[in-house]
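Source file: run.tsv; contents: TSV, C-alpha atoms and all ligand atoms.
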chain	number	residue	atom	x	y	z
A	19	MET	CA	-29.73	-66.65	-88.58
A	20	TRP	CA	-32.51	-67.83	-86.39
A	21	LYS	CA	-35.09	-70.52	-86.13
A	22	PRO	CA	-38.50	-69.52	-84.85
A	23	LEU	CA	-38.39	-71.81	-81.85
A	24	PHE	CA	-36.31	-74.83	-82.47
A	25	ALA	CA	-32.97	-74.00	-80.98
A	26	GLU	CA	-30.32	-76.30	-79.65
A	27	ARG	CA	-29.39	-75.62	-76.08
A	28	GLY	CA	-26.56	-78.00	-75.42
A	29	ALA	CA	-28.16	-81.39	-75.73
A	30	LEU	CA	-31.59	-79.93	-75.19
A	31	ARG	CA	-33.96	-78.89	-77.84
A	32	PHE	CA	-36.56	-76.28	-77.14
A	33	ILE	CA	-39.81	-77.36	-78.57
A	34	THR	CA	-43.07	-75.60	-78.74
A	35	PRO	CA	-45.71	-76.79	-76.38
A	36	VAL	CA	-47.77	-79.48	-78.03
A	37	LEU	CA	-51.25	-78.70	-79.09
A	38	VAL	CA	-53.88	-78.51	-76.43
A	39	LEU	CA	-55.98	-81.53	-77.19
A	40	ILE	CA	-58.93	-80.36	-75.18
A	41	ALA	CA	-59.21	-77.32	-77.35
A	42	LEU	CA	-59.37	-79.36	-80.53
A	43	ALA	CA	-63.11	-79.81	-80.45
A	44	ALA	CA	-63.58	-76.13	-79.80
A	45	VAL	CA	-61.58	-75.05	-82.80
A	46	LEU	CA	-63.92	-76.80	-85.18
A	47	THR	CA	-66.61	-74.33	-84.28
A	48	PHE	CA	-64.44	-71.27	-84.80
A	49	ALA	CA	-65.32	-68.96	-87.60
A	50	CYS	CA	-62.05	-68.79	-89.43
A	51	GLY	CA	-62.14	-65.19	-90.59
A	52	ASP	CA	-60.93	-64.47	-94.07
A	53	ASP	CA	-59.71	-67.51	-95.90
A	54	ASP	CA	-56.92	-65.88	-97.81
A	55	GLY	CA	-55.47	-64.63	-94.55
A	56	GLU	CA	-54.99	-61.16	-95.91
A	57	GLU	CA	-56.89	-57.99	-95.28
A	58	ARG	CA	-55.89	-54.73	-96.79
A	59	ALA	CA	-55.70	-51.64	-94.70
A	60	THR	CA	-58.37	-49.07	-94.60
A	61	ASN	CA	-57.04	-45.88	-93.20
A	62	THR	CA	-59.61	-43.75	-91.51
A	63	PRO	CA	-59.50	-41.68	-88.36
A	64	ALA	CA	-61.93	-44.22	-86.90
A	65	ASP	CA	-58.89	-46.47	-86.62
A	66	THR	CA	-58.01	-44.56	-83.49
A	67	VAL	CA	-59.60	-46.68	-80.86
A	68	ALA	CA	-60.24	-45.26	-77.43
A	69	ASP	CA	-57.25	-45.93	-75.25
A	70	THR	CA	-58.39	-48.30	-72.55
A	71	GLY	CA	-55.34	-49.98	-71.09
A	72	GLY	CA	-51.98	-49.19	-69.58
A	73	ASN	CA	-50.75	-45.83	-68.40
A	74	THR	CA	-50.78	-44.12	-71.74
A	75	GLY	CA	-52.79	-41.17	-70.46
A	76	GLY	CA	-54.35	-39.22	-73.28
A	77	ALA	CA	-51.74	-40.19	-75.85
A	78	ASP	CA	-52.84	-40.64	-79.46
A	79	ILE	CA	-52.05	-44.30	-79.97
A	80	GLY	CA	-53.64	-46.61	-82.52
A	81	THR	CA	-54.89	-50.08	-81.75
A	82	LEU	CA	-54.33	-52.93	-84.19
A	83	THR	CA	-55.83	-56.27	-83.32
A	84	LEU	CA	-54.39	-59.42	-84.87
A	85	HIS	CA	-56.81	-62.23	-84.11
A	86	ALA	CA	-54.74	-65.39	-84.44
A	87	THR	CA	-56.83	-68.37	-85.55
A	88	ASP	CA	-56.01	-71.81	-86.98
A	89	HIS	CA	-54.56	-70.73	-89.42
A	90	ALA	CA	-55.20	-67.12	-90.36
A	91	PHE	CA	-54.83	-63.61	-89.03
A	92	ARG	CA	-57.99	-61.55	-88.83
A	93	VAL	CA	-56.90	-57.93	-88.73
A	94	GLU	CA	-58.89	-55.11	-87.17
A	95	GLY	CA	-58.20	-51.50	-86.35
A	96	ALA	CA	-55.53	-48.90	-86.80
A	97	LYS	CA	-53.29	-48.90	-89.83
A	98	ARG	CA	-51.87	-45.43	-89.58
A	99	PRO	CA	-48.19	-44.94	-88.74
A	100	GLY	CA	-46.99	-43.97	-85.30
A	101	PRO	CA	-47.32	-45.55	-81.88
A	102	THR	CA	-49.71	-48.47	-82.08
A	103	ARG	CA	-50.97	-50.94	-79.54
A	104	VAL	CA	-50.70	-54.35	-81.19
A	105	VAL	CA	-53.09	-56.74	-79.49
A	106	MET	CA	-52.93	-60.41	-80.42
A	107	PRO	CA	-55.48	-62.76	-78.90
A	108	ASN	CA	-54.67	-66.36	-79.71
A	109	GLU	CA	-58.11	-67.71	-80.54
A	110	GLY	CA	-56.80	-70.95	-81.99
A	111	ALA	CA	-55.98	-74.33	-80.54
A	112	TYR	CA	-52.30	-74.05	-81.42
A	113	ASP	CA	-49.50	-71.71	-80.48
A	114	HIS	CA	-49.25	-68.76	-82.83
A	115	TYR	CA	-46.79	-66.03	-83.56
A	116	ALA	CA	-46.84	-62.68	-85.40
A	117	LEU	CA	-43.44	-62.03	-86.89
A	118	ILE	CA	-43.34	-58.57	-88.44
A	119	PHE	CA	-41.18	-57.46	-91.37
A	120	LYS	CA	-41.06	-53.97	-92.82
A	121	VAL	CA	-40.64	-54.42	-96.55
A	122	ASP	CA	-40.04	-52.17	-99.53
A	123	GLY	CA	-43.31	-50.89	-100.99
A	124	ASP	CA	-43.00	-52.95	-104.16
A	125	ARG	CA	-42.72	-56.21	-102.21
A	126	ASP	CA	-45.58	-58.45	-101.29
A	127	ALA	CA	-46.37	-61.43	-99.08
A	128	ASP	CA	-45.09	-63.87	-101.69
A	129	ASP	CA	-41.66	-62.24	-101.66
A	130	VAL	CA	-41.44	-62.73	-97.91
A	131	LEU	CA	-42.66	-66.32	-98.09
A	132	GLU	CA	-40.05	-67.06	-100.73
A	133	LEU	CA	-37.39	-65.54	-98.49
A	134	LEU	CA	-38.50	-67.54	-95.46
A	135	GLN	CA	-38.58	-70.71	-97.51
A	136	LEU	CA	-34.97	-70.09	-98.39
A	137	PHE	CA	-33.87	-69.46	-94.81
A	138	PHE	CA	-36.09	-71.80	-92.81
A	139	ASP	CA	-36.05	-74.82	-95.08
A	140	GLU	CA	-33.28	-77.05	-93.78
A	141	GLN	CA	-32.94	-78.86	-97.09
A	142	ALA	CA	-32.59	-75.60	-98.97
A	143	MET	CA	-30.02	-74.42	-96.44
A	144	ALA	CA	-28.11	-77.69	-96.60
A	145	ALA	CA	-28.06	-77.55	-100.40
A	146	ALA	CA	-26.78	-73.96	-100.45
A	147	THR	CA	-23.06	-73.71	-101.04
A	148	GLU	CA	-22.85	-70.67	-98.83
A	149	GLU	CA	-25.30	-69.13	-96.42
A	150	PRO	CA	-27.58	-66.75	-98.29
A	151	GLU	CA	-27.51	-63.14	-97.18
A	152	TRP	CA	-30.59	-61.59	-95.67
A	153	PRO	CA	-31.74	-58.82	-98.05
A	154	ASP	CA	-32.09	-55.15	-97.10
A	155	TRP	CA	-35.68	-54.96	-98.34
A	156	ALA	CA	-37.02	-57.01	-95.42
A	157	VAL	CA	-36.34	-55.54	-91.97
A	158	TRP	CA	-37.05	-57.50	-88.79
A	159	LYS	CA	-39.56	-55.51	-86.77
A	160	GLY	CA	-40.41	-57.72	-83.82
A	161	GLY	CA	-44.07	-58.37	-83.09
A	162	PRO	CA	-45.60	-60.84	-80.64
A	163	SER	CA	-43.51	-64.03	-80.61
A	164	VAL	CA	-44.85	-67.44	-79.66
A	165	LEU	CA	-48.13	-67.15	-77.80
A	166	SER	CA	-49.96	-70.06	-76.20
A	167	ALA	CA	-53.54	-70.84	-77.12
A	168	GLY	CA	-55.96	-68.75	-75.10
A	169	GLU	CA	-53.40	-66.08	-74.21
A	170	THR	CA	-53.34	-62.48	-75.42
A	171	ALA	CA	-50.21	-60.47	-76.09
A	172	GLU	CA	-50.14	-56.69	-76.14
A	173	LEU	CA	-47.17	-54.78	-77.53
A	174	ILE	CA	-46.78	-51.09	-78.33
A	175	ILE	CA	-44.82	-50.55	-81.52
A	176	ASP	CA	-43.93	-47.27	-83.24
A	177	PHE	CA	-44.58	-47.99	-86.92
A	178	GLU	CA	-42.86	-45.92	-89.57
A	179	PRO	CA	-45.02	-45.37	-92.65
A	180	GLY	CA	-44.79	-48.16	-95.16
A	181	ARG	CA	-45.61	-51.75	-95.90
A	182	TYR	CA	-45.41	-54.54	-93.37
A	183	VAL	CA	-45.76	-58.28	-93.83
A	184	ILE	CA	-46.77	-60.34	-90.81
A	185	VAL	CA	-46.33	-64.12	-90.74
A	186	CYS	CA	-46.73	-66.95	-88.27
A	187	PRO	CA	-43.59	-69.14	-88.36
A	188	MET	CA	-45.02	-71.95	-86.23
A	189	ASP	CA	-45.47	-75.44	-87.65
A	190	GLN	CA	-47.72	-77.40	-85.28
A	191	PRO	CA	-49.11	-79.86	-86.02
A	192	GLY	CA	-47.55	-81.75	-88.85
A	193	GLY	CA	-44.56	-79.61	-89.69
A	194	VAL	CA	-46.21	-77.32	-92.24
A	195	MET	CA	-45.48	-73.71	-91.48
A	196	HIS	CA	-48.58	-71.74	-90.55
A	197	TYR	CA	-47.57	-69.03	-93.05
A	198	ASP	CA	-47.86	-71.64	-95.77
A	199	GLN	CA	-51.39	-72.38	-94.55
A	200	GLY	CA	-52.67	-68.83	-94.87
A	201	MET	CA	-51.28	-67.20	-91.76
A	202	VAL	CA	-49.81	-64.18	-93.50
A	203	THR	CA	-51.09	-60.65	-93.85
A	204	VAL	CA	-49.93	-57.42	-95.46
A	205	ILE	CA	-50.59	-54.05	-93.84
A	206	ASP	CA	-49.79	-50.67	-95.34
A	207	PHE	CA	-49.38	-48.15	-92.56
A	208	GLU	CA	-50.27	-44.88	-94.22
A	209	GLY	CA	-52.16	-41.66	-93.65
A	210	GLU	CA	-51.96	-39.18	-90.81
A	211	PRO	CA	-49.62	-40.63	-88.16
A	212	HIS	CA	-50.73	-41.16	-84.61
A	213	ALA	CA	-49.08	-38.38	-82.66
A	214	GLY	CA	-48.24	-40.49	-79.64
A	215	PRO	CA	-46.13	-40.14	-77.63
A	216	MET	CA	-45.01	-43.67	-76.84
A	217	PRO	CA	-45.93	-44.20	-73.18
A	218	ALA	CA	-43.25	-44.29	-70.51
A	219	ALA	CA	-42.51	-47.82	-69.37
A	220	ASP	CA	-42.12	-48.62	-65.70
A	221	LEU	CA	-39.31	-51.06	-66.48
A	222	VAL	CA	-36.67	-51.20	-69.22
A	223	ILE	CA	-34.94	-54.46	-70.17
A	224	THR	CA	-32.19	-54.31	-72.77
A	225	GLY	CA	-30.75	-56.85	-75.17
A	226	GLU	CA	-26.99	-56.55	-75.13
A	227	ASP	CA	-23.87	-58.20	-76.53
A	228	ASP	CA	-20.11	-57.79	-76.65
A	229	ALA	CA	-20.21	-57.15	-80.43
A	230	GLU	CA	-17.79	-60.06	-80.87
A	231	GLY	CA	-20.32	-62.87	-80.97
A	232	ALA	CA	-19.11	-64.36	-77.69
A	233	SER	CA	-21.27	-62.94	-74.96
A	234	TYR	CA	-24.94	-61.98	-74.77
A	235	TRP	CA	-27.20	-60.88	-71.94
A	236	PHE	CA	-30.38	-59.09	-70.95
A	237	GLY	CA	-29.51	-55.83	-69.20
A	238	ASP	CA	-31.49	-54.70	-66.17
A	239	ALA	CA	-33.71	-57.78	-66.11
A	240	PRO	CA	-35.08	-57.85	-62.56
A	241	GLU	CA	-34.76	-61.02	-60.48
A	242	THR	CA	-38.16	-60.41	-58.95
A	243	LEU	CA	-41.26	-58.43	-59.87
A	244	ASP	CA	-44.53	-57.76	-58.10
A	245	ALA	CA	-47.54	-59.50	-59.56
A	246	GLY	CA	-49.89	-57.31	-61.57
A	247	ALA	CA	-49.61	-54.83	-64.41
A	248	HIS	CA	-46.25	-53.74	-65.80
A	249	LEU	CA	-45.47	-51.77	-68.91
A	250	VAL	CA	-42.06	-53.07	-69.96
A	251	GLU	CA	-39.81	-51.53	-72.59
A	252	PHE	CA	-37.64	-54.03	-74.44
A	253	ARG	CA	-34.77	-52.20	-76.08
A	254	ASN	CA	-32.03	-53.53	-78.32
A	255	ASP	CA	-28.80	-51.92	-77.08
A	256	GLY	CA	-26.70	-54.57	-78.81
A	257	SER	CA	-24.94	-54.85	-82.15
A	258	GLU	CA	-27.18	-57.42	-83.80
A	259	LEU	CA	-30.78	-58.58	-83.73
A	260	HIS	CA	-32.26	-59.74	-80.43
A	261	GLU	CA	-35.61	-61.07	-79.33
A	262	PHE	CA	-37.36	-61.22	-75.96
A	263	VAL	CA	-39.30	-64.46	-75.87
A	264	LEU	CA	-41.15	-64.69	-72.56
A	265	ALA	CA	-42.58	-67.82	-70.93
A	266	ARG	CA	-44.13	-68.66	-67.58
A	267	LEU	CA	-42.91	-72.01	-66.31
A	268	PRO	CA	-45.33	-74.65	-65.06
A	269	ASP	CA	-46.31	-74.05	-61.43
A	270	GLY	CA	-43.78	-75.30	-58.95
A	271	MET	CA	-41.14	-76.07	-61.55
A	272	THR	CA	-37.62	-74.69	-61.23
A	273	PRO	CA	-35.96	-73.38	-64.39
A	274	ASP	CA	-33.61	-76.40	-64.43
A	275	GLU	CA	-36.55	-78.79	-64.27
A	276	ALA	CA	-38.38	-76.81	-66.95
A	277	PHE	CA	-35.41	-76.90	-69.34
A	278	GLU	CA	-34.99	-80.59	-68.61
A	279	ALA	CA	-38.59	-80.97	-69.80
A	280	GLU	CA	-37.77	-78.85	-72.87
A	281	LEU	CA	-40.10	-76.14	-71.56
A	282	GLU	CA	-43.10	-78.31	-72.24
A	283	GLY	CA	-46.16	-77.09	-70.37
A	284	SER	CA	-44.83	-73.55	-70.18
A	285	THR	CA	-47.13	-70.69	-71.10
A	286	TRP	CA	-45.72	-68.62	-73.94
A	287	LEU	CA	-46.55	-64.95	-73.60
A	288	GLY	CA	-45.62	-63.40	-76.94
A	289	GLY	CA	-42.66	-61.21	-75.96
A	290	PRO	CA	-41.13	-59.21	-78.84
A	291	ALA	CA	-39.70	-61.20	-81.76
A	292	PRO	CA	-36.32	-60.16	-83.26
A	293	PHE	CA	-35.67	-56.51	-84.02
A	294	GLY	CA	-32.55	-54.50	-84.67
A	295	PRO	CA	-30.12	-52.35	-82.67
A	296	GLY	CA	-31.51	-49.02	-81.52
A	297	ASP	CA	-35.09	-50.17	-81.82
A	298	ARG	CA	-37.53	-50.81	-78.97
A	299	GLN	CA	-40.96	-52.31	-78.38
A	300	LEU	CA	-43.12	-51.98	-75.29
A	301	MET	CA	-45.18	-54.75	-73.77
A	302	GLN	CA	-48.15	-54.52	-71.45
A	303	LEU	CA	-47.94	-57.44	-69.03
A	304	ASP	CA	-50.33	-58.60	-66.37
A	305	LEU	CA	-48.16	-60.96	-64.38
A	306	GLN	CA	-49.42	-63.64	-62.07
A	307	PRO	CA	-47.17	-65.21	-59.45
A	308	GLY	CA	-44.73	-67.75	-60.83
A	309	THR	CA	-41.35	-68.17	-62.43
A	310	TYR	CA	-40.74	-66.62	-65.84
A	311	VAL	CA	-37.90	-66.92	-68.32
A	312	LEU	CA	-36.77	-64.44	-70.94
A	313	LEU	CA	-34.93	-65.96	-73.90
A	314	CYS	CA	-33.25	-64.96	-77.15
A	315	PHE	CA	-32.88	-67.60	-79.84
A	316	TRP	CA	-31.18	-65.39	-82.42
A	317	GLU	CA	-27.97	-67.04	-83.53
A	318	ASN	CA	-24.45	-65.65	-83.74
A	319	ASP	CA	-22.28	-66.15	-86.84
A	320	GLU	CA	-21.41	-69.67	-85.67
A	321	ALA	CA	-25.12	-70.54	-85.46
A	322	VAL	CA	-25.05	-70.67	-81.66
A	323	PRO	CA	-28.30	-69.29	-80.22
A	324	HIS	CA	-27.80	-66.33	-77.92
A	325	VAL	CA	-29.61	-68.23	-75.16
A	326	ASP	CA	-26.60	-70.55	-75.01
A	327	LEU	CA	-24.24	-67.61	-74.66
A	328	GLY	CA	-25.91	-65.94	-71.72
A	329	MET	CA	-29.11	-64.49	-73.10
A	330	LEU	CA	-31.40	-66.08	-70.55
A	331	SER	CA	-32.94	-64.40	-67.52
A	332	GLU	CA	-35.20	-65.77	-64.82
A	333	ILE	CA	-37.76	-63.53	-63.20
A	334	VAL	CA	-39.75	-64.58	-60.16
A	335	VAL	CA	-43.11	-62.87	-59.80
A	336	GLU	CA	-44.35	-62.66	-56.22
A	401	CU	CU	-30.08	-62.12	-78.76
Could you render the structure as structure tokens?
Amino acid sequence: MWKPLFAERGALRFITPVLVLIALAAVLTFACGDDDGEERATNTPADTVADTGGNTGGADIGTLTLHATDHAFRVEGAKRPGPTRVVMPNEGAYDHYALIFKVDGDRDADDVLELLQLFFDEQAMAAATEEPEWPDWAVWKGGPSVLSAGETAELIIDFEPGRYVIVCPMDQPGGVMHYDQGMVTVIDFEGEPHAGPMPAADLVITGEDDAEGASYWFGDAPETLDAGAHLVEFRNDGSELHEFVLARLPDGMTPDEAFEAELEGSTWLGGPAPFGPGDRQLMQLDLQPGTYVLLCFWENDEAVPHVDLGMLSEIVVE
């Protein structure tokens, strides 16, 4: 299985950056959007928003905006199937996350919350006599992973028609999961699909493994990149789920120093959350100079996170 962010790395424990205290005052003035955290889709051609970013040319791509607030998603835009730009501005004071599941049409948000409770609750897991099996009706479909306050993530995801449940599995502050505080939304992607095509990325990074649970790595991750805009394709060429969590380290810090500090002070950029073999998600990045790390916290059968088994790349942006 997998824990949203808390993963042992030897003696180290990755923790999410603590809340930005300065932003606390600001959050009080935020309009919180819908209180029940759920907006149903309306499917009209107007959902096709003019394509403004990236090198997508004249492609027919939807735009879905997931405003992340403390603690709700406010959803705007395209809910038709096909290639869709998923834009998540983190407008809250805390880190947020948009973990996407494709679910059977007769399932709802409560079914997913019940499932997550079973898998993420350490007491429930400890009490279980054997590890519960993840059901077929909920498929991991990536989405922007942990994203620091004030940052915006932009992925391009090809949605098959059907129902999706999106949750935030963060728990700052106080240890209550954001999805239990209203940060959950259900979207039915239906109607005439966006024709696409998916844009061509200028860089492909793969998630790979030896299919024996022993060795994991990111394929073709560059050691250096030029600053500026990059459209990156993250592709799962492995045999199990992988994720592509991306963080920029604090200025002047080496990766060793950053891990020593449990990545505190890093800027989380919302790289794709776990998705399955054969699948891919694109990400529009605007990189500033610095040192970045790409990480996968999915766990092998022995509950060792992939990051401990090689799934860690450093990228220096110049
Ligand atoms: Cu992995």
| What lies within 8 Å of range 248-262 of chain A using all atoms listed in the file, ignoring chain neighbours under 4 positions off, as number ranges by chain? | A: 72-73, 160, 218-229, 289-305, 312-316
Practice problem: List the residues sitting within 8 Å of (-36.0, -58.6, -100.6) in the file's frame, using all atoms listed in the file, as a ChimeraX atom specification. | Solution: /A:121-122,125,129-130,133,152-156
Problem set entry | Shell of 9 Å around Gly270 in chain A, all atoms listed in the file, local chain residues under 3 positions omitted, as a list of chain:residue names |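 So, after excluding close chain neighbours, the residues are A:Leu267, A:Gly308, A:Thr309.
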To one decimal in Å, tell me the separation between CA of His212 in chain A and CA of Pro99 in chain A.
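These atoms are spaced 6.1 Å apart.
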For this session: Could you please determine the separation between CA of Met329 in chain A and CA of Leu165 in chain A in Å, to one decimal place?
Result: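 Result for CA of Met329 in chain A versus CA of Leu165 in chain A: 19.8 Å, one decimal.
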Practice problem: May I ask for the distance between CA of Asp176 in chain A and CA of Lys120 in chain A, given in Å to one decimal place? | Solution: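 Straight-line distance from CA of Asp176 in chain A to CA of Lys120 in chain A works out to 12.0 Å.
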So that I can see what lies close to Trp286 in chain A, please list as a PDB file with C-alpha atoms, keeping the file's coordinate frame the residues with an atom at most 9 Å from it, counting only C-alpha atoms and leaving out residues fewer than 3 positions away in the same chain.
ATOM      1  CA  THR A  34     -43.070 -75.600 -78.740  1.00  0.00           C
ATOM      2  CA  PRO A  35     -45.710 -76.790 -76.380  1.00  0.00           C
ATOM      3  CA  ASP A 113     -49.500 -71.710 -80.480  1.00  0.00           C
ATOM      4  CA  SER A 163     -43.510 -64.030 -80.610  1.00  0.00           C
ATOM      5  CA  VAL A 164     -44.850 -67.440 -79.660  1.00  0.00           C
ATOM      6  CA  LEU A 165     -48.130 -67.150 -77.800  1.00  0.00           C
ATOM      7  CA  SER A 166     -49.960 -70.060 -76.200  1.00  0.00           C
ATOM      8  CA  ALA A 167     -53.540 -70.840 -77.120  1.00  0.00           C
ATOM      9  CA  GLU A 169     -53.400 -66.080 -74.210  1.00  0.00           C
ATOM     10  CA  VAL A 263     -39.300 -64.460 -75.870  1.00  0.00           C
ATOM     11  CA  LEU A 264     -41.150 -64.690 -72.560  1.00  0.00           C
ATOM     12  CA  ALA A 265     -42.580 -67.820 -70.930  1.00  0.00           C
ATOM     13  CA  ARG A 266     -44.130 -68.660 -67.580  1.00  0.00           C
ATOM     14  CA  LEU A 267     -42.910 -72.010 -66.310  1.00  0.00           C
ATOM     15  CA  GLY A 289     -42.660 -61.210 -75.960  1.00  0.00           C
TER      16      GLY A 289
END
The residue from A:Ser284, A:Asn318, A:Asn108, A:Gln199 with the smallest atom-to-atom distance to Tyr234 in chain A, counting all atoms listed in the file, is A:Asn318
With distances taken over all atoms listed in the file, which residue among A:Pro240, A:Gly161, A:Pro107, A:Pro179 lies nearest Phe119 in chain A?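 Checking each candidate against Phe119 in chain A, we get A:Gly161 as the closest.
Distances to ligand CU 401 (chain A) were evaluated for A:Thr242, A:Ser233, A:Thr272, A:Thr147 using only C-alpha atoms and all ligand atoms, and the minimum falls at A:Ser233.
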Test item: residues at most 12 Å from Pro101 in chain A, all atoms listed in the file, excluding those fewer than 6 positions along its chain, as a PyMOL selection string: chain A and resi 66+69+74+77-82+173-179+207+210-217+298-300
Box in all listed atoms of range 219-229 of chain A, axis-aligned, with 3 Å more on each side; write out centre and edge lengths in Å to one decimal as JSON.
{"center_x": -31.3, "center_y": -53.0, "center_z": -73.1, "size_x": 28.4, "size_y": 16.4, "size_z": 20.7}
Between A:Gly231, A:Gly288, A:Pro268, A:Gly123, smallest distance to ligand CU 401 (chain A) by only C-alpha atoms and all ligand atoms belongs to A:Gly231
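Distances from A:Leu131, A:Ile333, A:Val322, A:Val202 to ligand CU 401 (chain A) were compared using all atoms listed in the file, and the smallest one belongs to A:Val322.
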message = Measuring between only C-alpha atoms and all ligand atoms, which one of A:Ala232, A:Asp244, A:Met271, A:Val185 shows the shortest distance to ligand CU 401 (chain A)?
response =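 Selected residue with least distance to ligand CU 401 (chain A): A:Ala232.
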Check your understanding: Which residues come within 6 Å of Ala245 in chain A, counting all atoms listed in the file, excluding same-chain residues fewer than 5 positions away, as a list in words?
Key -> Leu305, Gln306, Pro307, Val335 and Glu336 of chain A
Some atoms are missing, so please complete range 235-250 of chain A with N, CA and C atoms and return it as a short mmCIF file (atom, residue, chain, number, x, y, z; two decimals), in the frame of the given file.
data_model
loop_
_atom_site.label_atom_id
_atom_site.label_comp_id
_atom_site.auth_asym_id
_atom_site.auth_seq_id
_atom_site.Cartn_x
_atom_site.Cartn_y
_atom_site.Cartn_z
N TRP A 235 -26.46 -60.93 -73.20
CA TRP A 235 -27.20 -60.88 -71.94
C TRP A 235 -28.37 -59.90 -72.05
N PHE A 236 -29.30 -60.06 -71.10
CA PHE A 236 -30.38 -59.09 -70.95
C PHE A 236 -29.95 -58.11 -69.86
N GLY A 237 -29.89 -56.83 -70.18
CA GLY A 237 -29.51 -55.83 -69.20
C GLY A 237 -30.71 -55.39 -68.38
N ASP A 238 -30.47 -55.22 -67.08
CA ASP A 238 -31.49 -54.70 -66.17
C ASP A 238 -32.71 -55.61 -66.01
N ALA A 239 -32.59 -56.87 -66.36
CA ALA A 239 -33.71 -57.78 -66.11
C ALA A 239 -33.81 -57.99 -64.60
N PRO A 240 -34.97 -57.71 -64.01
CA PRO A 240 -35.08 -57.85 -62.56
C PRO A 240 -35.14 -59.32 -62.16
N GLU A 241 -34.65 -59.63 -60.96
CA GLU A 241 -34.76 -61.02 -60.48
C GLU A 241 -36.16 -61.29 -59.96
N THR A 242 -36.79 -60.24 -59.45
CA THR A 242 -38.16 -60.41 -58.95
C THR A 242 -39.02 -59.23 -59.42
N LEU A 243 -40.31 -59.48 -59.52
CA LEU A 243 -41.26 -58.43 -59.87
C LEU A 243 -42.53 -58.66 -59.06
N ASP A 244 -43.23 -57.60 -58.75
CA ASP A 244 -44.53 -57.76 -58.10
C ASP A 244 -45.54 -58.25 -59.14
N ALA A 245 -46.46 -59.07 -58.68
CA ALA A 245 -47.54 -59.50 -59.56
C ALA A 245 -48.36 -58.28 -59.99
N GLY A 246 -49.03 -58.40 -61.12
CA GLY A 246 -49.89 -57.31 -61.57
C GLY A 246 -49.39 -56.69 -62.87
N ALA A 247 -49.86 -55.48 -63.13
CA ALA A 247 -49.61 -54.83 -64.41
C ALA A 247 -48.23 -54.18 -64.46
N HIS A 248 -47.53 -54.40 -65.55
CA HIS A 248 -46.25 -53.74 -65.80
C HIS A 248 -46.19 -53.37 -67.27
N LEU A 249 -45.74 -52.16 -67.53
CA LEU A 249 -45.47 -51.77 -68.91
C LEU A 249 -43.95 -51.83 -69.08
N VAL A 250 -43.49 -52.81 -69.85
CA VAL A 250 -42.06 -53.07 -69.96
C VAL A 250 -41.56 -52.61 -71.33
#
